[in-house]
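Worksheet: the structure to be examined is printed underneath.
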Amino acid sequence: MKKKISVFSVIMLLLVALVIPMRAITPVEASFSTDANYRSAVLIERNSGKVLFENAGHEKLPIASVTKLMTILLTLEKIDAGEVSLDDMIMVSANASGMGGSQIFLDANVEYNLGELLKSVIVASANDSSVALAEYIAGSENNFVAMMNERARELGMTDTNYVNCTGLPSVDGYSSAIDQAKVLNEVLNYDVYYNYSHIWNEEFVHPSNRTTQMTNTNKLSRFYEGCLGGKTGSTNQAKYCLAVGAERNDMELISVVLGAENSATRFKLASDLLNYGFENFESRTLFSDENLIGKNILIKGQNRTARLRAEREFTYVGEKNGEINFSLNYNLPSALNSVRKDEVVGNVEIVVDGVVVDTINILSCDTHKEATILDYIHEIIEN
């Protein structure tokens, strides 16, 4: 009996030895933890807007000069719309030149180039340049602030109220980490922004040839691989804040930290969040034009079909090496009488874990006119 028990024990030990390493390679849910002292932080994937980490992401907090992200965005949008130009010359008011705080020391009643002012806001967080741009674009800073709040509503920023274009301390000004991620996400869509976001150190030359040294307030622009840009901010009320974007392995992430105890903490926490995202998640294309191969639509009365294309592709962010349970539900007609190039002919629903997460239009690649009587005769003969 003792011998049998001994053999049984050995067998059990061997089974345990085999099971343990198998458990070690079983995928586990990614998680992020930190002992950093801060008020709020989020990490999102740019393309999908998926939140990969959030702690008090919707808490309404002072954000200091991160406010200038919206000032930058509105300026970029006006440039893109052709309403202002980088070459425009702006007469700087005494009000703008006297802003104080972080500034480029603009001369009052002197014309400055719009592109140079925008650069000083992006690189050096210049309050005076921010107000000069606001007054030029909207006539006054108050009018510009109204535009800021209107744009915030359009972007679904429900936790935000702007009271100035600089982020200088105020009782009623606030935003959230989630909302500032939304603003930075928009800013990163503009090529003009990248003309300046990677500048580390540069002299700002005034019309009088006087110079002011500019150093990028976002240290990650130089020291974090793949950094796209971002915005810092700090006041006694807001403490230390940062919104930053980065790209690696065909995935773009945005990290926002509000209310960190010191400058070093905001940069380290933002970096740690980005590292966590890049190390644990990946972006996969679930739907693109490749999925439409072989799904052409018959054109009635003609021996031809309409080739199809997707209005856009769909990428999904999930844990690395994790399974994605998804399906594609096509809503397409079997045949059409006629179709124009780029006409919407149907759509596809992307279903992940049983939930429709997106619907994408499917368009025709070509124009096909309605069949004539001769077309039908030809079809009969060919058949």
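Every chain in the structure tokens takes a letter, A first, then B, and so on in the order presented; its residues are numbered from 1, and the ligands are numbered from 1 following the presented order.
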
8 Å contact set for Leu61 in chain A, only C-alpha atoms, chain neighbours under 3 positions out, as a count of residues only: 5

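By only C-alpha atoms, and with residues fewer than 6 positions from Ala96 in chain A along its chain excluded, the set lying at most 6 Å from it is Asp128, Val131 and Ala132 of chain A.
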
Residue nearest Leu73 in chain A among A:Val187, A:Met99, A:Ala56, A:Ile254 (counting only C-alpha atoms):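 Result for the nearest residue to Leu73 in chain A: A:Val187.
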
Spatial neighbours of Asn195 in chain A, max dist 10 Å, only C-alpha atoms, sep filter under 6 positions, as a PDB file with C-alpha atoms, in the first residue's frame:
```pdb
ATOM      1  CA  GLY A 115       3.625  81.819 -37.175  1.00  0.00           C
ATOM      2  CA  LYS A 119       5.622  78.783 -32.228  1.00  0.00           C
ATOM      3  CA  ILE A 122       3.735  75.681 -28.519  1.00  0.00           C
TER       4      ILE A 122
END
```

Nearby residues (only C-alpha atoms) at most 12 Å from Ser208 in chain A, same-chain spacing under 6 positions excluded, as a ChimeraX atom specification: /A:106-108,110-112

Mind writing the picked residues with C-alpha atoms as a CSV table (one decimal), in the first residue's frame?
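Contents of the output file out_0.csv:
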```
chain,number,residue,atom,x,y,z
A,106,LEU,CA,6.5,90.9,-26.7
A,107,ASP,CA,6.8,94.7,-27.4
A,108,ALA,CA,3.5,96.5,-27.3
A,110,VAL,CA,4.7,96.3,-32.6
A,111,GLU,CA,3.8,93.9,-35.4
A,112,TYR,CA,4.8,90.2,-35.0
```

Residue neighbourhood Gly294 in chain A, 12 Å, only C-alpha atoms, exclusion window fewer than 5 positions, as number ranges by chain: A: 289, 305-309

Pick from A:Ile137, A:Cys227, A:Leu86, A:Ile178, whichever lies nearest to Met157 in chain A using only C-alpha atoms: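 Among the listed residues, A:Ile178 lies closest to Met157 in chain A.
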
Strand (DSSP E or B) per DSSP on the backbone: members of range 138-361 of chain A, as a PyMOL selection string: chain A and resi 161+174-175+201-205+211-215+227-235+239-248+251-260+281-287+297-299+305-306+308-310+314-319+326-331+335-336+339+344-352+355-361

Spatial neighbours of Leu228 in chain A, max dist 12 Å, only C-alpha atoms, sep filter under 2 positions, as a count of residues only: 37

Coordinates-based distance that separates CA of Val51 in chain A from CA of Ser283 in chain A (Å, one decimal):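 Interatomic distance, CA of Ser283 in chain A to CA of Val51 in chain A: 13.2 Å.
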
Atom-to-atom span, CA of Val348 in chain A and CA of Ala181 in chain A, Å: 28.7 Å
